[in-house]
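**Student:** As input, take model_7.txt (compact mmCIF, C-alpha atoms):
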# COMPACT_ATOMS: atom_id res chain seq x y z
CA MET R 1 -8.27 -14.00 4.93
CA ALA R 2 -4.50 -13.93 5.22
CA ALA R 3 -2.48 -16.04 2.77
CA PRO R 4 -1.81 -19.60 4.05
CA ILE R 5 1.57 -20.30 5.69
CA PRO R 6 3.86 -21.81 3.02
CA ARG R 7 4.94 -25.41 3.68
CA PHE R 8 6.93 -26.13 0.52
CA CYS R 9 9.50 -24.14 -1.45
CA SER R 10 8.06 -22.34 -4.47
CA GLN R 11 11.36 -22.70 -6.35
CA CYS R 12 12.32 -26.40 -5.79
CA GLY R 13 9.35 -27.99 -3.96
CA GLY R 14 11.47 -28.87 -0.92
CA PRO R 15 10.00 -28.73 2.61
CA LEU R 16 10.17 -25.40 4.46
CA LEU R 17 11.05 -24.99 8.12
CA ASP R 18 11.29 -22.02 10.46
CA ARG R 19 14.95 -20.98 10.65
CA LEU R 20 16.74 -17.94 12.00
CA VAL R 21 18.16 -16.06 9.01
CA ASP R 22 21.40 -14.57 10.32
CA THR R 23 21.66 -11.73 7.81
CA GLU R 24 18.14 -10.57 8.69
CA GLN R 25 18.12 -11.55 12.40
CA ARG R 26 14.63 -12.89 11.83
CA VAL R 27 12.93 -16.29 11.73
CA ARG R 28 11.73 -17.11 8.21
CA ARG R 29 10.31 -20.07 6.35
CA VAL R 30 13.47 -21.46 4.73
CA CYS R 31 13.82 -24.34 2.24
CA THR R 32 15.68 -27.30 3.72
CA LYS R 33 16.74 -28.39 0.21
CA CYS R 34 17.83 -25.24 -1.67
CA GLY R 35 17.98 -22.60 1.10
CA GLU R 36 15.51 -20.23 -0.61
CA ILE R 37 13.61 -17.98 1.83
CA ALA R 38 9.83 -17.99 1.44
CA TYR R 39 8.90 -14.40 2.24
CA GLN R 40 5.39 -13.87 3.55
CA ASN R 41 4.30 -10.45 2.46
CA PRO R 42 1.29 -8.34 3.36
CA GLN R 43 -1.42 -8.21 0.70
CA VAL R 44 -2.82 -5.09 -0.91
CA LEU R 45 -6.51 -4.47 -1.56
CA VAL R 46 -8.13 -1.56 -3.33
CA THR R 47 -11.64 -0.14 -2.98
CA THR R 48 -13.46 2.72 -4.66
CA ILE R 49 -16.23 5.05 -3.59
CA VAL R 50 -17.94 5.54 -6.96
CA ALA R 51 -20.17 8.62 -6.72
CA SER R 52 -23.03 9.33 -9.12
CA GLY R 53 -24.83 12.54 -8.24
CA ASP R 54 -25.49 12.27 -4.51
CA ARG R 55 -25.41 8.46 -4.52
CA VAL R 56 -22.65 5.87 -4.06
CA LEU R 57 -22.20 2.45 -5.65
CA LEU R 58 -22.43 -0.65 -3.47
CA CYS R 59 -22.21 -4.38 -4.24
CA ARG R 60 -23.91 -7.23 -2.43
CA ARG R 61 -21.39 -10.05 -1.99
CA ALA R 62 -22.33 -13.40 -3.52
CA GLY R 63 -19.85 -15.51 -1.54
CA PRO R 64 -17.87 -15.54 1.68
CA PRO R 65 -16.56 -13.72 3.54
CA ALA R 66 -19.62 -11.65 4.52
CA ALA R 67 -21.88 -13.19 1.85
CA GLY R 68 -25.14 -11.27 1.40
CA ARG R 69 -23.70 -8.06 2.82
CA TRP R 70 -23.07 -4.78 0.99
CA THR R 71 -19.65 -3.32 0.35
CA LEU R 72 -17.65 -1.00 -1.88
CA PRO R 73 -16.37 -2.40 -5.18
CA GLY R 74 -12.84 -3.65 -4.60
CA GLY R 75 -10.49 -6.57 -4.16
CA PHE R 76 -6.92 -7.74 -4.31
CA MET R 77 -4.41 -5.86 -6.40
CA GLU R 78 -2.74 -7.96 -9.13
CA SER R 79 0.93 -7.94 -10.11
CA GLY R 80 1.78 -5.45 -12.85
CA GLU R 81 -1.06 -3.03 -12.11
CA THR R 82 -1.00 0.44 -10.64
CA LEU R 83 -3.22 0.96 -7.61
CA GLU R 84 -5.69 2.99 -9.71
CA GLU R 85 -5.78 0.36 -12.46
CA ALA R 86 -6.52 -2.31 -9.85
CA ALA R 87 -9.34 -0.22 -8.40
CA ALA R 88 -10.79 0.51 -11.85
CA ARG R 89 -10.59 -3.17 -12.85
CA GLU R 90 -12.31 -4.38 -9.68
CA THR R 91 -15.07 -1.79 -10.09
CA TYR R 92 -15.62 -2.86 -13.70
CA GLU R 93 -15.59 -6.59 -12.90
CA GLU R 94 -18.08 -6.24 -10.07
CA THR R 95 -20.41 -3.53 -11.36
CA GLY R 96 -19.79 -3.00 -15.10
CA VAL R 97 -18.90 0.65 -14.37
CA ARG R 98 -15.88 2.02 -16.20
CA ILE R 99 -13.98 4.64 -14.25
CA ASP R 100 -11.09 6.66 -15.59
CA SER R 101 -8.02 5.69 -13.58
CA GLY R 102 -6.48 9.12 -14.34
CA GLU R 103 -9.40 10.94 -12.75
CA MET R 104 -9.42 8.99 -9.49
CA ARG R 105 -8.35 10.60 -6.22
CA ILE R 106 -6.78 8.78 -3.34
CA TYR R 107 -9.15 8.68 -0.40
CA ALA R 108 -7.86 6.26 2.21
CA VAL R 109 -4.89 4.14 3.24
CA ALA R 110 -5.43 1.56 5.98
CA THR R 111 -3.50 -1.28 7.57
CA LEU R 112 -5.09 -4.36 9.13
CA PRO R 113 -2.01 -5.87 10.79
CA ALA R 114 -3.95 -8.80 12.30
CA ILE R 115 -4.44 -10.26 8.82
CA SER R 116 -1.52 -8.49 7.09
CA GLU R 117 -3.64 -6.54 4.65
CA ILE R 118 -3.31 -3.01 3.34
CA TYR R 119 -6.23 -1.12 1.86
CA VAL R 120 -5.95 1.78 -0.54
CA GLY R 121 -9.23 3.56 -1.22
CA PHE R 122 -10.11 5.86 -4.11
CA LEU R 123 -12.85 8.29 -4.97
CA SER R 124 -14.32 8.49 -8.46
CA THR R 125 -17.29 10.24 -10.02
CA VAL R 126 -19.40 8.85 -12.86
CA ALA R 127 -22.38 10.17 -14.84
CA GLU R 128 -25.85 10.05 -13.24
CA ASN R 129 -27.24 7.68 -15.88
CA THR R 130 -24.40 5.13 -15.58
CA ALA R 131 -25.65 1.61 -16.33
CA LEU R 132 -24.78 -1.25 -13.97
CA VAL R 133 -23.94 -4.89 -14.74
CA CYS R 134 -23.90 -7.24 -11.77
CA GLY R 135 -20.59 -9.16 -11.75
CA SER R 136 -20.18 -12.83 -10.85
CA GLU R 137 -18.95 -12.04 -7.31
CA CYS R 138 -22.12 -10.07 -6.51
CA THR R 139 -25.82 -10.79 -6.33
CA GLU R 140 -26.85 -7.15 -6.68
CA VAL R 141 -25.20 -3.80 -7.45
CA ARG R 142 -26.92 -0.45 -6.81
CA PHE R 143 -26.41 3.22 -6.23
CA PHE R 144 -27.59 4.40 -2.80
CA GLY R 145 -28.28 7.86 -1.42
CA GLU R 146 -27.07 8.47 2.14
CA ALA R 147 -30.50 7.80 3.67
CA ASP R 148 -30.87 4.51 1.78
CA VAL R 149 -27.46 2.96 2.43
CA PRO R 150 -28.06 -0.40 4.15
CA TRP R 151 -25.92 0.69 7.11
CA ALA R 152 -26.74 -2.40 9.19
CA GLU R 153 -25.94 -4.75 6.31
CA LEU R 154 -22.44 -3.56 5.38
CA THR R 155 -19.64 -6.11 5.31
CA TYR R 156 -17.33 -4.34 7.78
CA LEU R 157 -17.54 -1.36 10.10
CA ASP R 158 -14.72 0.43 8.29
CA VAL R 159 -16.84 0.55 5.11
CA GLY R 160 -19.45 2.43 7.12
CA VAL R 161 -16.81 4.70 8.64
CA TYR R 162 -15.50 5.69 5.19
CA LEU R 163 -19.00 6.15 3.73
CA ARG R 164 -20.07 8.42 6.60
CA LEU R 165 -16.88 10.45 6.19
CA TYR R 166 -17.52 10.68 2.45
CA PHE R 167 -21.11 11.93 2.81
CA ARG R 168 -20.01 14.45 5.47
CA GLU R 169 -17.25 15.76 3.21
CA ARG R 170 -19.58 15.86 0.24
CA GLN R 171 -21.97 18.10 2.20
CA SER R 172 -19.22 20.43 3.36
CA GLY R 173 -17.41 20.46 0.00
CA SER R 174 -14.17 19.33 1.64
CA HIS R 175 -11.80 16.54 0.65
CA ALA R 176 -9.59 14.53 2.97
CA ILE R 177 -7.23 11.59 2.84
CA HIS R 178 -7.83 9.16 5.70
CA PHE R 179 -4.94 7.13 7.04
CA SER R 180 -6.10 4.37 9.38
CA CYS R 181 -4.89 1.52 11.49
CA ILE R 182 -7.64 -1.04 11.95
CA ASP R 183 -6.97 -3.40 14.84
CA ALA R 184 -9.03 -5.54 17.16
CA ALA R 185 -9.83 -2.56 19.37
CA CYS R 186 -10.82 0.19 16.96
CA VAL R 187 -10.24 2.17 13.78
CA VAL R 188 -7.74 4.95 14.44
CA THR R 189 -7.81 7.44 11.62
CA LYS R 190 -5.65 10.43 10.90
CA SER R 191 -7.57 12.57 8.44
CA TYR R 192 -5.55 14.96 6.30
CA ARG R 193 -7.82 17.66 4.88
CA VAL R 194 -6.71 18.49 1.36
CA ALA R 195 -6.48 22.14 0.39
CA ASN R 196 -5.75 21.53 -3.28
CA MET R 197 -4.26 19.04 -5.70
CA GLU R 198 -1.75 19.49 -8.48
CA GLU R 199 -0.23 17.06 -10.94
CA ALA R 200 3.43 17.07 -11.94
CA ARG R 201 5.55 14.92 -14.21
CA GLY R 202 9.11 14.19 -13.10
CA PRO R 203 12.05 12.45 -14.75
CA ARG R 204 12.27 8.73 -15.37
CA PRO R 205 13.39 6.73 -12.31
CA GLY R 206 15.77 3.79 -12.14
CA PRO R 207 14.55 0.36 -11.00
CA GLY R 208 13.36 -0.07 -7.41
CA PRO R 209 15.27 -1.85 -4.66
CA GLY R 210 14.94 -5.63 -4.28
CA GLN R 211 14.47 -8.00 -1.38
CA MET I 212 13.54 -7.00 -7.53
CA ALA I 213 10.16 -8.64 -8.03
CA ALA I 214 9.49 -11.95 -6.25
CA PRO I 215 10.47 -15.01 -8.34
CA ILE I 216 7.70 -16.79 -10.30
CA PRO I 217 6.54 -19.76 -8.19
CA ARG I 218 7.19 -23.20 -9.71
CA PHE I 219 5.95 -25.47 -6.91
CA CYS I 220 2.86 -25.40 -4.71
CA SER I 221 3.49 -23.88 -1.26
CA GLN I 222 0.83 -26.15 0.28
CA CYS I 223 1.65 -29.62 -1.15
CA GLY I 224 4.91 -29.20 -3.12
CA GLY I 225 3.27 -30.25 -6.42
CA PRO I 226 4.32 -28.63 -9.72
CA LEU I 227 2.53 -25.42 -10.76
CA LEU I 228 1.35 -24.65 -14.29
CA ASP I 229 -0.35 -21.66 -15.88
CA ARG I 230 -4.08 -22.41 -16.04
CA LEU I 231 -7.15 -20.34 -16.78
CA VAL I 232 -9.11 -20.07 -13.52
CA ASP I 233 -12.75 -19.99 -14.66
CA THR I 234 -14.15 -18.26 -11.58
CA GLU I 235 -11.62 -15.43 -11.96
CA GLN I 236 -11.34 -15.40 -15.78
CA ARG I 237 -7.61 -15.07 -15.34
CA VAL I 238 -4.52 -17.21 -15.92
CA ARG I 239 -2.89 -18.18 -12.61
CA ARG I 240 -0.15 -20.48 -11.38
CA VAL I 241 -2.23 -23.51 -10.32
CA CYS I 242 -1.07 -26.70 -8.57
CA THR I 243 -1.42 -29.77 -10.82
CA LYS I 244 -1.67 -32.00 -7.72
CA CYS I 245 -3.97 -30.25 -5.24
CA GLY I 246 -5.48 -27.42 -7.32
CA GLU I 247 -4.30 -24.63 -4.97
CA ILE I 248 -3.80 -21.28 -6.71
CA ALA I 249 -0.42 -19.62 -6.12
CA TYR I 250 -1.32 -15.93 -6.03
CA GLN I 251 1.48 -13.54 -6.97
CA ASN I 252 0.92 -10.36 -5.04
CA PRO I 253 2.55 -6.94 -5.27
CA GLN I 254 5.04 -6.19 -2.50
CA VAL I 255 4.92 -3.25 -0.13
CA LEU I 256 7.94 -1.16 0.84
CA VAL I 257 8.11 1.69 3.34
CA THR I 258 10.53 4.60 3.53
CA THR I 259 10.90 7.51 5.93
CA ILE I 260 12.21 11.03 5.60
CA VAL I 261 13.68 11.48 9.08
CA ALA I 262 14.21 15.20 9.70
CA SER I 263 16.55 16.58 12.34
CA GLY I 264 16.59 20.37 12.34
CA ASP I 265 17.08 21.30 8.69
CA ARG I 266 18.79 18.01 7.82
CA VAL I 267 17.52 14.62 6.62
CA LEU I 268 18.79 11.13 7.33
CA LEU I 269 20.32 9.08 4.50
CA CYS I 270 21.90 5.62 4.38
CA ARG I 271 24.64 4.40 2.07
CA ARG I 272 23.70 0.93 0.84
CA ALA I 273 26.17 -1.86 1.61
CA GLY I 274 24.83 -4.34 -0.95
CA PRO I 275 22.92 -4.57 -4.21
CA PRO I 276 20.80 -3.18 -5.64
CA ALA I 277 22.49 0.22 -5.95
CA ALA I 278 25.37 -0.65 -3.58
CA GLY I 279 27.38 2.40 -2.52
CA ARG I 280 24.53 4.79 -3.24
CA TRP I 281 22.55 6.88 -0.74
CA THR I 282 18.90 6.38 0.01
CA LEU I 283 16.19 6.91 2.60
CA PRO I 284 15.89 4.37 5.41
CA GLY I 285 13.31 1.78 4.36
CA GLY I 286 12.58 -1.70 3.11
CA PHE I 287 9.96 -4.40 2.79
CA MET I 288 6.99 -4.45 5.12
CA GLU I 289 6.66 -7.63 7.16
CA SER I 290 3.47 -9.56 7.92
CA GLY I 291 1.71 -8.46 11.11
CA GLU I 292 3.05 -4.90 11.11
CA THR I 293 1.30 -1.63 10.49
CA LEU I 294 2.85 0.57 7.79
CA GLU I 295 4.21 2.96 10.44
CA GLU I 296 5.67 0.11 12.51
CA ALA I 297 7.43 -1.22 9.41
CA ALA I 298 8.86 2.21 8.64
CA ALA I 299 9.99 2.72 12.25
CA ARG I 300 11.58 -0.75 12.35
CA GLU I 301 13.49 -0.24 9.09
CA THR I 302 14.74 3.14 10.25
CA TYR I 303 15.93 1.65 13.54
CA GLU I 304 17.60 -1.37 11.90
CA GLU I 305 19.48 0.75 9.37
CA THR I 306 20.35 3.85 11.40
CA GLY I 307 19.77 3.15 15.11
CA VAL I 308 17.24 6.01 15.20
CA ARG I 309 14.02 5.35 17.11
CA ILE I 310 11.03 7.17 15.72
CA ASP I 311 7.62 7.23 17.32
CA SER I 312 5.23 5.46 14.96
CA GLY I 313 2.33 7.49 16.40
CA GLU I 314 3.97 10.78 15.47
CA MET I 315 4.71 9.86 11.83
CA ARG I 316 2.82 11.51 8.99
CA ILE I 317 2.11 9.88 5.67
CA TYR I 318 4.07 11.59 2.94
CA ALA I 319 3.90 9.52 -0.25
CA VAL I 320 2.21 6.57 -1.89
CA ALA I 321 3.72 5.26 -5.13
CA THR I 322 3.25 2.30 -7.45
CA LEU I 323 5.99 0.77 -9.57
CA PRO I 324 3.88 -1.57 -11.73
CA ALA I 325 6.87 -2.83 -13.76
CA ILE I 326 8.18 -4.65 -10.70
CA SER I 327 4.88 -4.89 -8.78
CA GLU I 328 6.00 -2.81 -5.83
CA ILE I 329 4.14 -0.25 -3.75
CA TYR I 330 5.93 2.38 -1.71
CA VAL I 331 4.47 4.16 1.27
CA GLY I 332 6.57 7.06 2.53
CA PHE I 333 6.46 8.75 5.93
CA LEU I 334 7.79 11.91 7.50
CA SER I 335 9.20 11.96 11.01
CA THR I 336 11.10 14.48 13.12
CA VAL I 337 13.77 13.62 15.67
CA ALA I 338 15.91 15.68 18.06
CA GLU I 339 18.92 17.56 16.68
CA ASN I 340 21.41 15.57 18.78
CA THR I 341 20.08 12.15 17.74
CA ALA I 342 22.86 9.53 17.72
CA LEU I 343 23.30 7.24 14.72
CA VAL I 344 24.28 3.56 14.57
CA CYS I 345 25.17 2.23 11.13
CA GLY I 346 23.16 -0.96 10.48
CA SER I 347 24.44 -4.07 8.73
CA GLU I 348 22.79 -3.16 5.41
CA CYS I 349 24.61 0.19 5.28
CA THR I 350 28.22 1.34 5.14
CA GLU I 351 27.45 4.85 6.40
CA VAL I 352 24.49 6.76 7.82
CA ARG I 353 24.40 10.55 8.07
CA PHE I 354 22.20 13.61 8.34
CA PHE I 355 22.50 15.96 5.34
CA GLY I 356 21.41 19.56 4.85
CA GLU I 357 19.85 20.35 1.46
CA ALA I 358 23.10 21.70 0.01
CA ASP I 359 25.08 18.65 1.12
CA VAL I 360 22.74 15.87 -0.07
CA PRO I 361 24.73 13.66 -2.49
CA TRP I 362 22.17 14.31 -5.23
CA ALA I 363 24.20 12.52 -7.92
CA GLU I 364 24.75 9.47 -5.72
CA LEU I 365 21.17 8.67 -4.74
CA THR I 366 19.87 5.15 -5.44
CA TYR I 367 16.88 6.17 -7.57
CA LEU I 368 15.55 9.34 -9.11
CA ASP I 369 12.33 9.16 -7.12
CA VAL I 370 14.34 9.49 -3.87
CA GLY I 371 15.64 12.79 -5.22
CA VAL I 372 12.16 13.84 -6.32
CA TYR I 373 10.75 13.28 -2.83
CA LEU I 374 13.71 14.95 -1.10
CA ARG I 375 13.43 18.06 -3.30
CA LEU I 376 9.69 18.21 -2.61
CA TYR I 377 10.38 17.86 1.11
CA PHE I 378 12.94 20.67 1.26
CA ARG I 379 10.66 22.92 -0.82
CA GLU I 380 7.74 22.24 1.53
CA ARG I 381 9.92 22.74 4.57
CA GLN I 382 10.88 26.20 3.32
CA SER I 383 7.30 27.19 2.56
CA GLY I 384 5.89 25.60 5.72
CA SER I 385 3.45 23.50 3.70
CA HIS I 386 2.73 19.79 3.89
CA ALA I 387 1.56 17.58 1.04
CA ILE I 388 0.83 13.92 0.34
CA HIS I 389 2.33 12.79 -2.96
CA PHE I 390 0.65 10.03 -4.90
CA SER I 391 2.82 8.76 -7.75
CA CYS I 392 2.93 6.24 -10.52
CA ILE I 393 6.51 5.45 -11.42
CA ASP I 394 6.82 3.76 -14.81
CA ALA I 395 9.50 3.42 -17.46
CA ALA I 396 8.68 6.85 -18.86
CA CYS I 397 8.45 9.11 -15.82
CA VAL I 398 7.23 9.80 -12.31
CA VAL I 399 3.69 11.17 -12.42
CA THR I 400 2.78 12.70 -9.10
CA LYS I 401 -0.48 14.06 -7.83
CA SER I 402 0.37 16.22 -4.83
CA TYR I 403 -2.41 16.83 -2.32
CA ARG I 404 -1.57 19.86 -0.21
CA VAL I 405 -2.74 19.24 3.35
CA ALA I 406 -4.58 22.04 5.13
CA ASN I 407 -4.73 20.32 8.50
CA MET I 408 -4.75 16.94 10.18
CA GLU I 409 -7.02 15.49 12.85
CA GLU I 410 -7.09 12.15 14.58
CA ALA I 411 -10.26 10.23 15.33
CA ARG I 412 -11.03 6.88 16.92
CA GLY I 413 -13.89 4.88 15.44
CA PRO I 414 -15.61 1.64 16.47
CA ARG I 415 -14.05 -1.78 16.22
CA PRO I 416 -14.30 -3.33 12.72
CA GLY I 417 -15.02 -6.91 11.74
CA PRO I 418 -12.40 -9.00 9.94
CA GLY I 419 -11.34 -7.99 6.44
CA PRO I 420 -12.38 -9.77 3.26
CA GLY I 421 -10.38 -12.77 2.05
CA GLN I 422 -9.04 -13.83 -1.33
Starting from the file, lay out its structure as structure tokens.
**Tutor:**
Amino acid sequence: MAAPIPRFCSQCGGPLLDRLVDTEQRVRRVCTKCGEIAYQNPQVLVTTIVASGDRVLLCRRAGPPAAGRWTLPGGFMESGETLEEAAARETYEETGVRIDSGEMRIYAVATLPAISEIYVGFLSTVAENTALVCGSECTEVRFFGEADVPWAELTYLDVGVYLRLYFRERQSGSHAIHFSCIDAACVVTKSYRVANMEEARGPRPGPGPGQ
Amino acid sequence: MAAPIPRFCSQCGGPLLDRLVDTEQRVRRVCTKCGEIAYQNPQVLVTTIVASGDRVLLCRRAGPPAAGRWTLPGGFMESGETLEEAAARETYEETGVRIDSGEMRIYAVATLPAISEIYVGFLSTVAENTALVCGSECTEVRFFGEADVPWAELTYLDVGVYLRLYFRERQSGSHAIHFSCIDAACVVTKSYRVANMEEARGPRPGPGPGQ
């Protein structure tokens, strides 16, 4: 669900109206009292394929949207987190499984422009005897082998697309990063097969640019 | 610059206070009048390395932050765009260069948790005789060969890190996707060297999950 359209200014409480912002040549929600622009930004979600032996971890959603259906652990990224920390936190909250954010590999990046969401997916491996704790947003959490995945009861088709890609790669021993655009018509995915991965540590950066 | 902390409810204009939200076990900005939660989400920026022959496109920033310094074309993603569309739009607005969002390759994903920003970087190639138009946010836009890049006048160190990686890969004919965490101490980058890329079209998905 996309964030609701803002009606009042977050800085002074004044009413917002659509106005053309000259410097940006774009219509924005602008405060009629203080002139502050209420930017409406896309939201970032993270998911993780948590592998244990030849099985993957799925959660059955307790509430809407898609209540009762199975999905990967994940959710909205919070301010102040890295993408991996967000993915590790969501996995822990929903399933009780602790994953090492340093060990995670990036697996997928997807945009859903219709609802202004971005998904970043990770891959993580945990021990075969990992214990599960069902979080408050789930009614059930379980590891599934490929044959047992409730394919017809997944929340969204893209979850199935990524799981099928994962099992195929697992069999072939390959690793890819999937970059998708998910629109009303289909999932278009560019898959970059990864030959190898190396870690490097560069110098300290300055602050980032601002809006 | 991170988004300002919200003080008033965007839905009813009521004052916000920090409150523990039981269902999330987390302190949020909550409206004292209508109970709406004001979520503070990370922001997404896009940048593009636009290559023309053996040169890359840089912009000299007209305003703060880092006014007068050189950087890659880029900026904040807008609602309703794909990541590639955002990157193509920013490049066009700042430099007059049209890039084909279908032809772009993902190059980098980075988190700056200190200011809750996420960067997604792309790579694009344009013709050698591509004309430039300096946008209103820049004082100058130019293509630079590796030897001519104003290395000491770049906005941020990570811009230099990515440019050096790009020129190195260009020489060796390799392609990688760089996944970084940029914190106060350093830039930690996992580089995934890409063996090949393929495009696939999957079935139509359902809607995404909501907050």
**Student:** Could you check which residues have any atom within 7 Å of (0.5, -1.5, 5.1), counting only C-alpha atoms with coordinates taken straight from the file, and then list them as an NGL selection string?
**Tutor:** (:R and (110-111 or 117-118)) or (:I and (293-294))
**Student:** Would you put the residues from that selection into a file with C-alpha atoms, as a PDB file, in the frame of the given file?
**Tutor:**
ATOM      1  CA  ALA R 110      -5.430   1.560   5.980  1.00  0.00           C
ATOM      2  CA  THR R 111      -3.500  -1.280   7.570  1.00  0.00           C
ATOM      3  CA  GLU R 117      -3.640  -6.540   4.650  1.00  0.00           C
ATOM      4  CA  ILE R 118      -3.310  -3.010   3.340  1.00  0.00           C
TER       5      ILE R 118
ATOM      6  CA  THR I 293       1.300  -1.630  10.490  1.00  0.00           C
ATOM      7  CA  LEU I 294       2.850   0.570   7.790  1.00  0.00           C
TER       8      LEU I 294
END
**Student:** Excluding region 150-159 of chain R and any residue of its chain fewer than 6 positions from it, enumerate the residues within 12 Å of it, using only C-alpha atoms, and give them as JSON, numbers by chain.
**Tutor:** {"R": [47, 48, 49, 56, 57, 58, 59, 60, 61, 62, 63, 64, 65, 66, 67, 68, 69, 70, 71, 72, 73, 74, 108, 109, 110, 111, 112, 119, 121, 142, 143, 144, 165, 166, 178, 179, 180, 181, 182, 183, 184, 186, 187, 188, 189], "I": [412, 413, 414, 415, 416, 417, 418, 419, 420, 421]}
**Student:** Mind dumping the selected residues with C-alpha atoms as a PDB file, keeping the file's coordinate frame?
**Tutor:**
ATOM      1  CA  THR R  47     -11.640  -0.140  -2.980  1.00  0.00           C
ATOM      2  CA  THR R  48     -13.460   2.720  -4.660  1.00  0.00           C
ATOM      3  CA  ILE R  49     -16.230   5.050  -3.590  1.00  0.00           C
ATOM      4  CA  VAL R  56     -22.650   5.870  -4.060  1.00  0.00           C
ATOM      5  CA  LEU R  57     -22.200   2.450  -5.650  1.00  0.00           C
ATOM      6  CA  LEU R  58     -22.430  -0.650  -3.470  1.00  0.00           C
ATOM      7  CA  CYS R  59     -22.210  -4.380  -4.240  1.00  0.00           C
ATOM      8  CA  ARG R  60     -23.910  -7.230  -2.430  1.00  0.00           C
ATOM      9  CA  ARG R  61     -21.390 -10.050  -1.990  1.00  0.00           C
ATOM     10  CA  ALA R  62     -22.330 -13.400  -3.520  1.00  0.00           C
ATOM     11  CA  GLY R  63     -19.850 -15.510  -1.540  1.00  0.00           C
ATOM     12  CA  PRO R  64     -17.870 -15.540   1.680  1.00  0.00           C
ATOM     13  CA  PRO R  65     -16.560 -13.720   3.540  1.00  0.00           C
ATOM     14  CA  ALA R  66     -19.620 -11.650   4.520  1.00  0.00           C
ATOM     15  CA  ALA R  67     -21.880 -13.190   1.850  1.00  0.00           C
ATOM     16  CA  GLY R  68     -25.140 -11.270   1.400  1.00  0.00           C
ATOM     17  CA  ARG R  69     -23.700  -8.060   2.820  1.00  0.00           C
ATOM     18  CA  TRP R  70     -23.070  -4.780   0.990  1.00  0.00           C
ATOM     19  CA  THR R  71     -19.650  -3.320   0.350  1.00  0.00           C
ATOM     20  CA  LEU R  72     -17.650  -1.000  -1.880  1.00  0.00           C
ATOM     21  CA  PRO R  73     -16.370  -2.400  -5.180  1.00  0.00           C
ATOM     22  CA  GLY R  74     -12.840  -3.650  -4.600  1.00  0.00           C
ATOM     23  CA  ALA R 108      -7.860   6.260   2.210  1.00  0.00           C
ATOM     24  CA  VAL R 109      -4.890   4.140   3.240  1.00  0.00           C
ATOM     25  CA  ALA R 110      -5.430   1.560   5.980  1.00  0.00           C
ATOM     26  CA  THR R 111      -3.500  -1.280   7.570  1.00  0.00           C
ATOM     27  CA  LEU R 112      -5.090  -4.360   9.130  1.00  0.00           C
ATOM     28  CA  TYR R 119      -6.230  -1.120   1.860  1.00  0.00           C
ATOM     29  CA  GLY R 121      -9.230   3.560  -1.220  1.00  0.00           C
ATOM     30  CA  ARG R 142     -26.920  -0.450  -6.810  1.00  0.00           C
ATOM     31  CA  PHE R 143     -26.410   3.220  -6.230  1.00  0.00           C
ATOM     32  CA  PHE R 144     -27.590   4.400  -2.800  1.00  0.00           C
ATOM     33  CA  LEU R 165     -16.880  10.450   6.190  1.00  0.00           C
ATOM     34  CA  TYR R 166     -17.520  10.680   2.450  1.00  0.00           C
ATOM     35  CA  HIS R 178      -7.830   9.160   5.700  1.00  0.00           C
ATOM     36  CA  PHE R 179      -4.940   7.130   7.040  1.00  0.00           C
ATOM     37  CA  SER R 180      -6.100   4.370   9.380  1.00  0.00           C
ATOM     38  CA  CYS R 181      -4.890   1.520  11.490  1.00  0.00           C
ATOM     39  CA  ILE R 182      -7.640  -1.040  11.950  1.00  0.00           C
ATOM     40  CA  ASP R 183      -6.970  -3.400  14.840  1.00  0.00           C
ATOM     41  CA  ALA R 184      -9.030  -5.540  17.160  1.00  0.00           C
ATOM     42  CA  CYS R 186     -10.820   0.190  16.960  1.00  0.00           C
ATOM     43  CA  VAL R 187     -10.240   2.170  13.780  1.00  0.00           C
ATOM     44  CA  VAL R 188      -7.740   4.950  14.440  1.00  0.00           C
ATOM     45  CA  THR R 189      -7.810   7.440  11.620  1.00  0.00           C
TER      46      THR R 189
ATOM     47  CA  ARG I 412     -11.030   6.880  16.920  1.00  0.00           C
ATOM     48  CA  GLY I 413     -13.890   4.880  15.440  1.00  0.00           C
ATOM     49  CA  PRO I 414     -15.610   1.640  16.470  1.00  0.00           C
ATOM     50  CA  ARG I 415     -14.050  -1.780  16.220  1.00  0.00           C
ATOM     51  CA  PRO I 416     -14.300  -3.330  12.720  1.00  0.00           C
ATOM     52  CA  GLY I 417     -15.020  -6.910  11.740  1.00  0.00           C
ATOM     53  CA  PRO I 418     -12.400  -9.000   9.940  1.00  0.00           C
ATOM     54  CA  GLY I 419     -11.340  -7.990   6.440  1.00  0.00           C
ATOM     55  CA  PRO I 420     -12.380  -9.770   3.260  1.00  0.00           C
ATOM     56  CA  GLY I 421     -10.380 -12.770   2.050  1.00  0.00           C
TER      57      GLY I 421
END
**Student:** Which is closer to Arg381 (chain I) than all the others in I:Arg239, I:Lys244, I:Arg266, I:Arg230, using all atoms listed in the file?
**Tutor:**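 Of I:Arg239, I:Lys244, I:Arg266, I:Arg230, the one nearest Arg381 (chain I) is I:Arg266, counting all atoms listed in the file.
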**Student:** Looking at only C-alpha atoms, which of R:Ala3, R:Ala51, R:Ser10, R:Pro113 is the one that sits closest to Glu296 (chain I)?
**Tutor:**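 Closest residue, counting only C-alpha atoms: R:Pro113.
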**Student:** If you count only C-alpha atoms, which residues fall within 12 Å of Thr125 (chain R), apart from same-chain ones fewer than 3 positions away, as a VMD selection string?
**Tutor:** chain R and resid 48 to 57 88 97 to 105 122 128 to 130 170
**Student:** Counting all atoms listed in the file, which residue out of R:Thr95, R:Thr32, R:Ser136, R:Ser172 sits closest to chain I?
**Tutor:**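 Closest to chain I of all the choices is R:Ser136.
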**Student:** Starting from the point (-14.9, 19.4, 1.5), work out which residues of protein, DNA or RNA have an atom no more than 12 Å away when counting all atoms listed in the file; state them as a list in words.
**Tutor:**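 Checking each residue against the 12 Å limit leaves Leu165, Tyr166, Phe167, Arg168, Glu169, Arg170, Gln171, Ser172, Gly173, Ser174, His175, Ala176, Ile177, Tyr192, Arg193, Val194, Ala195 and Asn196 of chain R; Ala406 of chain I.
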